[in-house]
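Participant: structure-v3.cif is reproduced below (mmCIF, C-alpha atoms).
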data_final
#
loop_
_atom_site.label_atom_id
_atom_site.label_comp_id
_atom_site.auth_asym_id
_atom_site.auth_seq_id
_atom_site.Cartn_x
_atom_site.Cartn_y
_atom_site.Cartn_z
CA MET A 191 -0.43 -15.28 -3.26
CA GLY A 192 -2.68 -12.36 -2.34
CA ALA A 193 -2.46 -8.66 -3.09
CA TRP A 194 1.34 -8.61 -3.42
CA GLU A 195 3.56 -9.80 -6.26
CA PHE A 196 6.98 -11.24 -5.58
CA ILE A 197 8.94 -10.72 -8.79
CA LYS A 198 11.77 -13.22 -8.65
CA VAL A 199 15.26 -12.06 -9.66
CA GLY A 200 17.39 -14.76 -8.00
CA GLU A 201 17.12 -17.93 -5.91
CA VAL A 202 16.61 -17.55 -2.19
CA ARG A 203 18.61 -19.93 0.00
CA GLU A 204 16.30 -22.09 2.13
CA GLY A 205 16.75 -22.20 5.88
CA THR A 206 17.96 -18.60 6.35
CA ASN A 207 16.39 -16.04 8.65
CA LEU A 208 14.37 -13.28 6.96
CA PHE A 209 15.23 -9.87 8.42
CA ILE A 210 12.53 -7.29 7.78
CA GLY A 211 13.50 -3.60 8.07
CA LEU A 212 10.89 -1.19 6.75
CA PRO A 213 10.43 2.56 7.37
CA ASP A 214 8.97 2.94 10.86
CA VAL A 215 9.97 4.53 14.20
CA GLY A 216 13.21 6.45 13.74
CA LEU A 217 13.68 4.66 10.38
CA VAL A 218 15.65 2.20 12.51
CA GLY A 219 14.56 -0.88 10.57
CA ALA A 220 15.08 0.71 7.16
CA ILE A 221 18.56 2.00 8.09
CA ALA A 222 19.58 -1.36 9.61
CA SER A 223 18.32 -3.40 6.65
CA THR A 224 19.90 -1.12 4.03
CA PHE A 225 23.19 -1.20 5.92
CA LEU A 226 23.08 -5.01 6.06
CA VAL A 227 22.50 -5.18 2.29
CA ARG A 228 25.48 -2.89 1.58
CA THR A 229 27.90 -4.21 4.19
CA LEU A 230 27.29 -7.88 3.51
CA LYS A 231 27.06 -7.22 -0.25
CA LEU A 232 23.82 -9.13 -0.56
CA ASP A 233 22.36 -10.05 -3.95
CA LEU A 234 18.95 -8.90 -5.14
CA LYS A 235 16.52 -11.81 -4.98
CA SER A 236 13.09 -10.31 -5.52
CA PHE A 237 11.05 -7.15 -5.97
CA VAL A 238 7.83 -6.92 -3.99
CA ASP A 239 5.00 -4.85 -5.43
CA SER A 240 1.30 -4.13 -5.16
CA ASP A 241 -1.31 -1.72 -6.48
CA MET A 242 -1.48 -0.40 -2.93
CA MET A 243 2.07 0.96 -3.12
CA PRO A 244 2.46 4.52 -4.36
CA PRO A 245 3.37 4.70 -8.07
CA ILE A 246 7.10 5.11 -7.45
CA ILE A 247 10.17 3.66 -9.05
CA LEU A 248 13.68 4.68 -8.15
CA PHE A 249 16.98 4.79 -9.94
CA HIS A 250 20.28 3.87 -8.35
CA GLY A 251 23.48 3.92 -10.39
CA SER A 252 21.11 4.55 -13.35
CA GLU A 253 19.41 1.18 -12.75
CA PRO A 254 15.67 1.07 -12.09
CA LEU A 255 14.57 -0.48 -8.83
CA MET A 256 11.21 -0.98 -7.14
CA PRO A 257 11.14 0.43 -3.61
CA LEU A 258 10.37 -2.85 -1.78
CA ARG A 259 13.06 -5.51 -2.34
CA ILE A 260 14.42 -8.77 -0.97
CA TYR A 261 18.18 -9.40 -0.85
CA GLY A 262 20.16 -12.37 0.35
CA ASN A 263 23.16 -14.63 0.38
CA ASP A 264 23.74 -18.16 1.70
CA SER A 265 23.20 -17.16 5.31
CA ILE A 266 20.77 -14.26 5.44
CA THR A 267 17.73 -12.85 3.63
CA VAL A 268 16.64 -9.23 4.04
CA LEU A 269 13.43 -7.38 3.10
CA THR A 270 13.96 -3.63 2.85
CA SER A 271 12.04 -0.64 1.50
CA GLU A 272 12.91 2.89 0.39
CA VAL A 273 9.35 4.15 0.95
CA ALA A 274 6.91 3.96 3.83
CA VAL A 275 4.30 1.25 3.30
CA PRO A 276 0.82 2.86 3.23
CA VAL A 277 -1.07 1.95 6.36
CA GLU A 278 -3.95 0.35 4.46
CA ALA A 279 -1.48 -2.03 2.78
CA ILE A 280 0.14 -3.26 6.00
CA PRO A 281 -2.17 -6.21 6.87
CA SER A 282 -2.02 -7.74 3.38
CA LEU A 283 1.74 -7.18 3.14
CA ALA A 284 2.24 -8.96 6.47
CA ARG A 285 0.07 -11.86 5.31
CA ASP A 286 1.82 -12.28 1.95
CA VAL A 287 5.34 -11.87 3.35
CA VAL A 288 4.71 -14.60 5.92
CA GLY A 289 3.23 -16.75 3.14
CA TRP A 290 6.32 -16.12 0.99
CA ALA A 291 8.57 -16.95 3.97
CA ARG A 292 6.82 -20.27 4.45
CA GLU A 293 7.06 -21.16 0.74
CA ASN A 294 10.77 -20.31 0.66
CA LYS A 295 11.44 -22.28 3.85
CA VAL A 296 12.65 -19.32 5.86
CA ARG A 297 13.78 -20.48 9.30
CA MET A 298 12.58 -17.48 11.31
CA ILE A 299 11.36 -13.94 10.65
CA VAL A 300 13.23 -11.17 12.47
CA VAL A 301 11.64 -7.74 12.43
CA LEU A 302 13.94 -4.78 13.06
CA SER A 303 12.57 -1.49 14.36
CA GLY A 304 12.71 1.16 17.04
CA VAL A 305 10.71 1.83 20.18
CA PRO A 306 10.09 5.55 20.76
CA THR A 307 11.91 6.70 23.88
CA PRO A 308 11.25 10.19 25.28
CA ASN A 309 14.74 10.58 26.79
CA ARG A 310 16.66 9.34 23.72
CA MET A 311 18.44 12.71 23.65
CA GLU A 312 20.22 11.74 26.90
CA MET A 313 21.40 8.33 25.64
CA GLU A 314 24.86 7.67 24.29
CA ARG A 315 24.06 4.08 23.42
CA PRO A 316 20.41 3.02 23.11
CA GLY A 317 19.35 -0.31 24.57
CA VAL A 318 17.81 -3.16 22.58
CA TYR A 319 14.63 -5.04 23.49
CA GLY A 320 13.23 -8.22 22.06
CA ALA A 321 9.80 -9.70 21.57
CA ALA A 322 8.83 -13.13 20.26
CA VAL A 323 5.60 -14.87 19.40
CA ARG A 324 6.67 -18.30 20.68
CA ARG A 325 8.17 -19.34 23.98
CA GLU A 326 11.16 -21.03 22.31
CA GLU A 327 12.29 -17.77 20.76
CA ARG A 328 11.64 -15.80 23.97
CA GLU A 329 13.88 -18.24 25.83
CA MET A 330 16.51 -17.92 23.10
CA LEU A 331 16.48 -14.11 23.38
CA GLU A 332 16.74 -14.25 27.16
CA SER A 333 19.64 -16.68 26.97
CA LYS A 334 21.46 -14.11 24.78
CA GLY A 335 20.91 -11.37 27.35
CA VAL A 336 18.21 -9.49 25.42
CA ASN A 337 15.63 -7.76 27.63
CA LEU A 338 12.16 -8.82 26.64
CA LEU A 339 9.31 -6.38 26.10
CA LYS A 340 7.14 -7.22 29.05
CA GLU A 341 4.07 -4.97 28.80
CA GLY A 342 2.54 -2.52 26.33
CA PHE A 343 1.22 -2.13 22.84
CA VAL A 344 3.25 -2.27 19.65
CA SER A 345 1.83 -1.08 16.37
CA GLY A 346 2.64 -0.62 12.71
CA VAL A 347 4.12 -2.89 10.09
CA TYR A 348 6.19 -5.01 12.43
CA ALA A 349 3.21 -5.55 14.75
CA ALA A 350 1.21 -6.77 11.74
CA VAL A 351 3.98 -9.24 10.84
CA LEU A 352 4.17 -10.57 14.41
CA LYS A 353 0.39 -10.91 14.51
CA GLU A 354 0.40 -12.89 11.27
CA CYS A 355 3.18 -15.16 12.57
CA MET A 356 1.20 -15.67 15.79
CA LYS A 357 -1.83 -16.79 13.79
CA ARG A 358 0.21 -19.30 11.78
CA GLY A 359 2.61 -20.45 14.50
CA PHE A 360 5.55 -19.19 12.43
CA PRO A 361 8.71 -18.43 14.42
CA ALA A 362 9.27 -14.70 14.61
CA ILE A 363 11.08 -12.23 16.80
CA ALA A 364 11.29 -8.46 16.90
CA LEU A 365 14.45 -6.59 17.85
CA LEU A 366 13.65 -3.04 18.92
CA ALA A 367 16.16 -0.34 19.75
CA GLU A 368 15.34 2.65 21.94
CA SER A 369 15.14 5.47 19.44
CA TYR A 370 13.82 8.85 18.42
CA ALA A 371 10.27 8.50 17.16
CA ASN A 372 10.37 11.15 14.47
CA TYR A 373 14.05 11.61 13.57
CA PRO A 374 16.18 9.14 11.60
CA ASP A 375 18.25 7.28 14.19
CA PRO A 376 21.32 5.52 12.78
CA GLY A 377 22.68 5.24 16.34
CA ALA A 378 19.72 3.06 17.30
CA ALA A 379 20.17 0.98 14.12
CA ALA A 380 23.84 0.48 15.09
CA SER A 381 22.79 -0.73 18.57
CA LEU A 382 20.54 -3.33 16.94
CA LEU A 383 23.17 -4.51 14.47
CA SER A 384 25.85 -4.78 17.15
CA ARG A 385 23.77 -7.58 18.74
CA PHE A 386 23.75 -9.68 15.58
CA GLU A 387 26.90 -11.62 16.34
CA ASP A 388 25.57 -12.69 19.77
CA ILE A 389 22.17 -13.63 18.60
CA PHE A 390 22.61 -14.85 15.01
CA GLY A 391 26.36 -15.42 14.63
CA ILE A 392 26.55 -12.68 11.97
CA LYS A 393 29.33 -10.17 12.57
CA VAL A 394 28.39 -6.66 11.45
CA ASP A 395 30.92 -3.83 11.69
CA VAL A 396 28.80 -0.82 12.70
CA LYS A 397 31.67 1.69 12.72
CA PRO A 398 30.93 2.95 9.17
CA LEU A 399 27.28 3.40 10.13
CA LEU A 400 28.19 5.49 13.18
CA GLU A 401 30.63 7.54 11.08
CA GLN A 402 27.86 8.33 8.63
CA GLU A 403 25.30 9.03 11.35
CA GLU A 404 24.90 12.76 10.84
CA GLU A 405 24.95 12.49 7.07
CA LEU A 406 22.20 9.85 7.15
CA ARG A 407 20.11 11.96 9.52
CA LEU A 408 20.39 14.85 7.10
CA LYS A 409 19.66 12.84 3.93
CA LEU A 410 16.73 10.85 5.36
CA ARG A 411 14.64 13.84 6.52
CA GLU A 412 12.10 13.57 3.72
CA LEU A 413 11.63 9.80 4.14
CA MET A 414 11.19 10.30 7.89
CA LYS A 415 8.53 12.96 7.26
CA ARG A 416 6.58 10.62 4.92
CA THR A 417 6.93 7.77 7.41
CA VAL A 418 5.64 9.90 10.30
CA GLU A 419 2.53 10.68 8.23
CA GLN A 420 1.88 6.93 7.86
CA MET A 421 2.76 6.20 11.48
CA ARG A 422 0.12 8.65 12.65
CA ARG A 423 -2.49 6.59 10.84
CA ALA A 424 -1.12 3.22 12.03
CA GLY A 425 -2.00 3.55 15.69
CA LYS A 426 1.45 4.59 16.91
CA GLU A 427 -0.16 6.53 19.75
CA TYR A 428 -1.03 3.16 21.30
CA GLU A 429 2.65 2.62 22.08
CA TYR A 430 2.23 5.26 24.82
CA THR A 431 -0.99 3.67 26.10
CA ILE A 432 -1.07 1.44 29.17
CA PRO A 433 -3.15 -1.64 28.40
CA PRO A 434 -6.07 -2.40 30.77
CA ILE A 435 -4.62 -5.87 31.40
CA TYR A 436 -1.63 -4.17 33.03
CA ALA A 437 -3.52 -1.37 34.83
CA MET B 273 -17.01 38.77 30.49
CA ALA B 274 -18.42 35.36 29.45
CA GLU B 275 -18.73 36.53 25.83
CA GLU B 276 -15.09 37.71 25.75
CA TRP B 277 -13.94 34.31 26.94
CA LEU B 278 -16.00 32.59 24.23
CA PHE B 279 -14.67 34.87 21.47
CA GLU B 280 -11.12 34.34 22.68
CA TYR B 281 -11.67 30.56 22.69
CA LEU B 282 -13.09 30.62 19.14
CA ARG B 283 -10.26 32.83 17.93
CA ARG B 284 -7.64 30.43 19.34
CA PHE B 285 -9.52 27.41 17.93
CA ARG B 286 -9.59 29.01 14.46
CA GLU B 287 -5.88 29.85 14.66
CA GLU B 288 -5.06 26.27 15.62
CA VAL B 289 -7.11 24.86 12.72
CA ASN B 290 -5.33 27.22 10.31
CA ARG B 291 -1.96 26.25 11.74
CA VAL B 292 -2.71 22.54 11.25
CA LEU B 293 -3.92 23.17 7.69
CA ARG B 294 -0.68 25.01 6.94
CA GLU B 295 1.27 22.05 8.29
CA VAL B 296 -0.70 19.69 6.06
CA GLU B 297 0.06 21.91 3.05
CA ALA B 298 3.72 21.96 4.06
CA SER B 299 3.79 18.16 3.92
CA PHE B 300 3.50 18.43 0.13
CA ARG B 301 6.49 20.77 -0.19
CA PRO B 302 10.16 19.68 -0.29
CA MET B 303 12.10 20.19 2.88
CA ALA B 304 14.33 22.83 1.35
CA ASP B 305 14.20 26.46 0.35
CA PHE B 306 16.21 26.46 -2.86
CA SER B 307 16.33 30.24 -3.26
CA ARG B 308 17.83 30.79 0.20
CA GLY B 309 20.02 27.67 0.24
CA CYS B 310 18.32 26.42 3.41
CA LEU B 311 17.24 22.98 4.48
CA MET B 312 14.19 22.50 6.66
CA PRO B 313 14.97 20.35 9.67
CA LEU B 314 12.70 17.75 11.23
CA TYR B 315 11.01 18.98 14.38
CA GLU B 316 8.43 18.05 16.99
CA VAL B 317 6.17 20.28 19.04
CA SER B 318 4.67 19.08 22.29
CA GLU B 319 2.88 20.80 25.15
CA THR B 320 2.62 20.46 28.87
CA PRO B 321 0.10 22.46 30.89
CA ASP B 322 2.83 25.12 31.44
CA SER B 323 5.09 24.97 28.40
CA VAL B 324 5.44 24.48 24.68
CA ILE B 325 8.45 22.28 23.91
CA VAL B 326 10.02 22.30 20.47
CA ARG B 327 12.70 19.78 19.51
CA VAL B 328 14.61 20.22 16.27
CA ASP B 329 16.94 17.66 14.69
CA LEU B 330 20.10 19.45 13.51
CA PRO B 331 22.62 16.93 12.19
CA ARG B 332 25.89 18.47 10.91
CA VAL B 333 25.59 21.49 13.20
CA ARG B 334 28.72 21.76 15.32
CA GLY B 335 27.55 23.53 18.41
CA LYS B 336 25.35 26.12 20.08
CA ASP B 337 27.36 28.99 18.61
CA ASP B 338 26.09 27.98 15.17
CA ILE B 339 22.45 28.25 16.22
CA SER B 340 20.26 31.32 16.39
CA ILE B 341 16.83 31.23 18.04
CA THR B 342 14.29 34.05 17.92
CA VAL B 343 11.04 33.86 19.85
CA THR B 344 7.99 36.08 19.90
CA GLU B 345 4.71 35.44 21.65
CA ASN B 346 3.44 33.25 18.79
CA ARG B 347 6.43 32.36 16.69
CA LEU B 348 9.71 30.54 16.88
CA VAL B 349 12.46 30.96 14.32
CA VAL B 350 15.53 28.70 14.38
CA GLU B 351 18.47 29.08 12.04
CA ALA B 352 21.56 26.90 12.25
CA ARG B 353 24.72 26.86 10.18
CA LEU B 354 25.87 23.52 8.74
CA SER B 355 29.47 22.54 9.43
CA SER B 356 30.03 22.37 5.66
CA ARG B 357 28.01 23.03 2.51
CA VAL B 358 25.80 20.15 1.47
CA SER B 359 24.71 19.25 -2.02
CA PHE B 360 22.89 16.27 -3.55
CA ASP B 361 24.18 16.47 -7.10
CA ASP B 362 23.10 12.97 -8.12
CA ILE B 363 19.45 13.78 -7.38
CA VAL B 364 17.97 15.72 -10.29
CA THR B 365 15.53 17.77 -8.19
CA TYR B 366 18.41 18.99 -6.00
CA SER B 367 21.20 19.21 -8.55
CA GLY B 368 23.12 22.44 -8.90
CA ARG B 369 22.08 23.63 -5.44
CA ALA B 370 24.12 23.79 -2.30
CA PHE B 371 22.79 24.26 1.20
CA GLU B 372 24.57 26.06 4.01
CA LYS B 373 22.05 26.20 6.83
CA TYR B 374 18.83 25.03 8.34
CA SER B 375 15.90 27.37 8.71
CA LEU B 376 12.69 26.72 10.58
CA GLU B 377 9.83 29.10 11.26
CA LEU B 378 6.95 27.86 13.38
CA GLU B 379 3.70 29.18 14.64
CA LEU B 380 3.34 28.11 18.22
CA PRO B 381 0.17 26.40 19.46
CA ALA B 382 -0.16 28.76 22.44
CA PRO B 383 1.16 32.22 23.36
CA VAL B 384 4.49 32.01 25.19
CA ASP B 385 6.62 34.20 27.41
CA ALA B 386 9.62 34.71 25.13
CA GLU B 387 11.81 36.20 27.89
CA ARG B 388 11.66 32.99 29.92
CA ALA B 389 12.47 30.63 27.04
CA ARG B 390 15.40 28.21 27.55
CA ALA B 391 17.25 26.01 25.07
CA ARG B 392 19.78 23.21 25.10
CA PHE B 393 21.63 21.35 22.35
CA ALA B 394 22.76 17.73 22.76
CA HIS B 395 23.54 14.95 20.26
CA GLN B 396 22.58 17.33 17.45
CA VAL B 397 19.06 17.84 18.83
CA LEU B 398 17.97 21.32 19.91
CA GLU B 399 15.33 21.52 22.60
CA VAL B 400 13.58 24.85 23.24
CA VAL B 401 11.28 25.11 26.26
CA LEU B 402 8.83 28.02 26.03
CA PRO B 403 6.74 28.80 29.12
CA LYS B 404 3.17 29.56 28.24
CA LYS B 405 1.59 32.91 28.92
CA ILE B 406 -1.18 31.74 31.14
CA ARG B 407 -3.82 34.08 32.42
CA ARG B 408 -5.10 32.76 35.68
CA TYR B 409 -8.43 33.73 37.14
CA GLN B 410 -9.51 33.12 40.70
CA VAL B 411 -12.95 31.55 40.71
CA ARG B 412 -14.98 31.88 43.85
CA VAL B 413 -17.14 28.93 44.80
CA GLU B 414 -20.62 30.24 45.59
#
Please render this file's structure as structure tokens.

Facilitator:
Amino acid sequence: MGAWEFIKVGEVREGTNLFIGLPDVGLVGAIASTFLVRTLKLDLKSFVDSDMMPPIILFHGSEPLMPLRIYGNDSITVLTSEVAVPVEAIPSLARDVVGWARENKVRMIVVLSGVPTPNRMEMERPGVYGAAVRREEREMLESKGVNLLKEGFVSGVYAAVLKECMKRGFPAIALLAESYANYPDPGAAASLLSRFEDIFGIKVDVKPLLEQEEELRLKLRELMKRTVEQMRRAGKEYEYTIPPIYA
Amino acid sequence: MAEEWLFEYLRRFREEVNRVLREVEASFRPMADFSRGCLMPLYEVSETPDSVIVRVDLPRVRGKDDISITVTENRLVVEARLSSRVSFDDIVTYSGRAFEKYSLELELPAPVDAERARARFAHQVLEVVLPKKIRRYQVRVE
């Protein structure tokens, strides 16, 4: 492996999809992945660490945890983080996570995140878009009624993961909910998770997430602020840029 | 006349640099004022040619009657009452403190006409639109 250590705590089931939800736009991915871990009562499988991560450890129920962790059960594996990944660490993290996925015979990588939407304030229920690096997965998404991202730039940690999967021909999709850019958006995370049964056959009850929406928005202010600082350095402004190939 | 314009431009440039530096310093402080029992909300400031737009995320605020907005030419102050007291007793840095409201004080990036400001509150997001005070000069083409 490269710059990242995967500190094994339990066995990962081969052939599952790896869902990656890290702090990014609207904290959508981080909220969705944490909710999956809690709701499906997933077991801790690995810590993920590097010298490029800030020197942080957290305590939960008095137990020490590293911020970046992999959880799983027999049908699903999830990578989640409690801190924003520093922008300079993103390329190597993407590389090593895809390498780990290949070694552990992950079936497909699914990145969960938000796409910043200026009129999110007007939306009761944000829409969900998909993107895939291979045609097979694009066709799969379309057959499930997911609108594909047709034009535009994407940036940040999930873009780095998709890029790495593109280079290696590894199956990967991104599910992106319309969201606030700079406010925690549990509503957008709920929109994403409500598509899981259609697409992956995993039923997720999002009602508790929607009930906790305001509380999560209040509690996650600091994490959102730290994430926005990293997003500014990760080329997020490109998501508002029209590519020359389209112009 | 040309010199006045230049001095005004430099003054506004210096003010903007200072404002950004204060924001950078603020990024190292917690988002709470412990002595006043206030939380600092997340916010965004954007500009159009005619307006400054400030959006503030106010989860757990019931409605517009719980929000107070004060505007001057260069400053916006938003205070909003939480629907119930909030505490984070399991987190050592917050333990023993309860918070009852949000408080946000911002320097605006351009002078605004406070009397023409408008605000709306939807899905726990407050949007304040502040028309800029624009001095227009007619320029004759020689």

Participant: Closest to Pro313 in chain B among A:Val418, A:Val199, A:Leu408, A:Ala364, using all atoms listed in the file?

Facilitator: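 Ranked by minimum distance to Pro313 in chain B, first place goes to A:Leu408.
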
Participant: Pull out every residue of chain A sitting within 9 Å of chain B, counting all atoms listed in the file, and send them as a ChimeraX atom specification.

Facilitator: /A:311-314,372-373,403-409,411-412,414-416,419

Participant: Please write as a ChimeraX atom specification the full residue list that the PyMOL selection byres ((chain A and resi 273-283) around 6) yields on this file.

Facilitator: /A:213,242,271-272,284-287,347,350,417,420,424

Participant: Which residue gives the smallest distance to Arg327 in chain B among A:Ser223, A:Ser384, A:Asn309, A:Asn337, with all atoms listed in the file counted?

Facilitator: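 Closest to Arg327 in chain B of all the choices is A:Asn309.
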
Participant: Report as a ChimeraX atom specification all protein, DNA and RNA residues lying within 12 Å of Ser307 in chain B, evaluated on only C-alpha atoms, omitting residues in the same chain fewer than 3 positions from it.

Facilitator: /B:304,310-311,366,368-372

Participant: Calculate how many Å separate CA of Ala291 in chain A from CA of Glu327 in chain A, rounding to one decimal.

Facilitator: 17.2 Å

Participant: Name all residues at most 12 Å from Pro321 in chain B (count only C-alpha atoms; drop same-chain ones fewer than 5 positions away) and give them as a list of chain:residue names.

Facilitator: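 The residues that qualify are B:Ala382, B:Val384, B:Leu402, B:Pro403, B:Lys404, B:Lys405, B:Ile406.
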
Participant: Calculate how many Å separate CA of Val215 in chain A from CA of Gly304 in chain A, rounding to one decimal.

Facilitator: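 Between CA of Val215 in chain A and CA of Gly304 in chain A the gap is 5.2 Å.
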
Participant: Please measure the separation of CA of Ala352 in chain B and CA of Thr365 in chain B, giving the value in Å to one decimal.

Facilitator: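 It comes out at 23.2 Å.
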
Participant: Restricting the calculation to all atoms listed in the file, which member of A:Ala322, A:Ile246, A:Leu366, A:Val394 is positioned closest to Gly216 in chain A?

Facilitator: A:Leu366

Participant: Which residue out of B:Glu414, B:Asp361, B:Glu275, B:Asp385 has the minimum interatomic distance to Val343 in chain B when all atoms listed in the file are used?

Facilitator: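 That would be B:Asp385, the residue with the smallest distance to Val343 in chain B.
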
Participant: Determine, counting all atoms listed in the file, which protein, DNA and RNA residues have an atom within 12 Å of an atom of range 286-291 of chain B; residues of the same chain fewer than 6 positions away are not included. Present the result as a ChimeraX atom specification.

Facilitator: /B:279-280,297-298,346-347,378-383

Participant: Can you tell me, as a list in words, what residues are no more than 12 Å from Glu326 in chain A when counting all atoms listed in the file, ignoring any on the same chain fewer than 6 positions away?

Facilitator: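 That gives Met298, Glu332, Ser333, Gly359, Phe360, Pro361, Ala362 and Ile363 of chain A.
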
Participant: Place a sphere of radius 10 Å on (15.3, 33.4, 20.0) in the file coordinates and name every protein, DNA or RNA residue with an atom inside or on its surface, counting all atoms listed in the file; give the answer as a ChimeraX atom specification.

Facilitator: /B:339-344,347-351,386-387,389-391,400

Participant: Ranking A:Val227, A:Ala380, A:Ala349, A:Ile389 by minimum distance to Thr267 in chain A and counting all atoms listed in the file, which one comes first?

Facilitator: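 Among the listed residues, A:Val227 lies closest to Thr267 in chain A.
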
Participant: Convert the output of the PyMOL selection byres ((chain A and resi 237) around 9) on the shown file into explicit residues, formatted as a PDB file with C-alpha atoms, in the frame of the given file.

Facilitator:
ATOM      1  CA  GLU A 195       3.560  -9.800  -6.260  1.00  0.00           C
ATOM      2  CA  PHE A 196       6.980 -11.240  -5.580  1.00  0.00           C
ATOM      3  CA  ILE A 197       8.940 -10.720  -8.790  1.00  0.00           C
ATOM      4  CA  LYS A 198      11.770 -13.220  -8.650  1.00  0.00           C
ATOM      5  CA  VAL A 199      15.260 -12.060  -9.660  1.00  0.00           C
ATOM      6  CA  LEU A 234      18.950  -8.900  -5.140  1.00  0.00           C
ATOM      7  CA  LYS A 235      16.520 -11.810  -4.980  1.00  0.00           C
ATOM      8  CA  SER A 236      13.090 -10.310  -5.520  1.00  0.00           C
ATOM      9  CA  VAL A 238       7.830  -6.920  -3.990  1.00  0.00           C
ATOM     10  CA  ASP A 239       5.000  -4.850  -5.430  1.00  0.00           C
ATOM     11  CA  LEU A 255      14.570  -0.480  -8.830  1.00  0.00           C
ATOM     12  CA  MET A 256      11.210  -0.980  -7.140  1.00  0.00           C
ATOM     13  CA  PRO A 257      11.140   0.430  -3.610  1.00  0.00           C
ATOM     14  CA  LEU A 258      10.370  -2.850  -1.780  1.00  0.00           C
ATOM     15  CA  ARG A 259      13.060  -5.510  -2.340  1.00  0.00           C
ATOM     16  CA  ILE A 260      14.420  -8.770  -0.970  1.00  0.00           C
TER      17      ILE A 260
END

Participant: Evaluate the PyMOL selection byres ((chain A and resi 392) around 12) against this structure - the residues, as a short mmCIF file (atom, residue, chain, number, x, y, z; two decimals) with C-alpha atoms, in the coordinates of the input, please.

Facilitator:
data_model
loop_
_atom_site.label_atom_id
_atom_site.label_comp_id
_atom_site.auth_asym_id
_atom_site.auth_seq_id
_atom_site.Cartn_x
_atom_site.Cartn_y
_atom_site.Cartn_z
CA THR A 206 17.96 -18.60 6.35
CA ASN A 207 16.39 -16.04 8.65
CA LEU A 226 23.08 -5.01 6.06
CA THR A 229 27.90 -4.21 4.19
CA LEU A 230 27.29 -7.88 3.51
CA ASP A 264 23.74 -18.16 1.70
CA SER A 265 23.20 -17.16 5.31
CA ILE A 266 20.77 -14.26 5.44
CA LEU A 383 23.17 -4.51 14.47
CA SER A 384 25.85 -4.78 17.15
CA ARG A 385 23.77 -7.58 18.74
CA PHE A 386 23.75 -9.68 15.58
CA GLU A 387 26.90 -11.62 16.34
CA ASP A 388 25.57 -12.69 19.77
CA ILE A 389 22.17 -13.63 18.60
CA PHE A 390 22.61 -14.85 15.01
CA GLY A 391 26.36 -15.42 14.63
CA LYS A 393 29.33 -10.17 12.57
CA VAL A 394 28.39 -6.66 11.45
CA ASP A 395 30.92 -3.83 11.69
#

Participant: Pick out the closest residue to Val318 in chain A from this set: A:Gly205, A:Pro398, A:Gly211, A:Gly377. Count only C-alpha atoms.

Facilitator: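 So, comparing all the options, the nearest one is A:Gly377.
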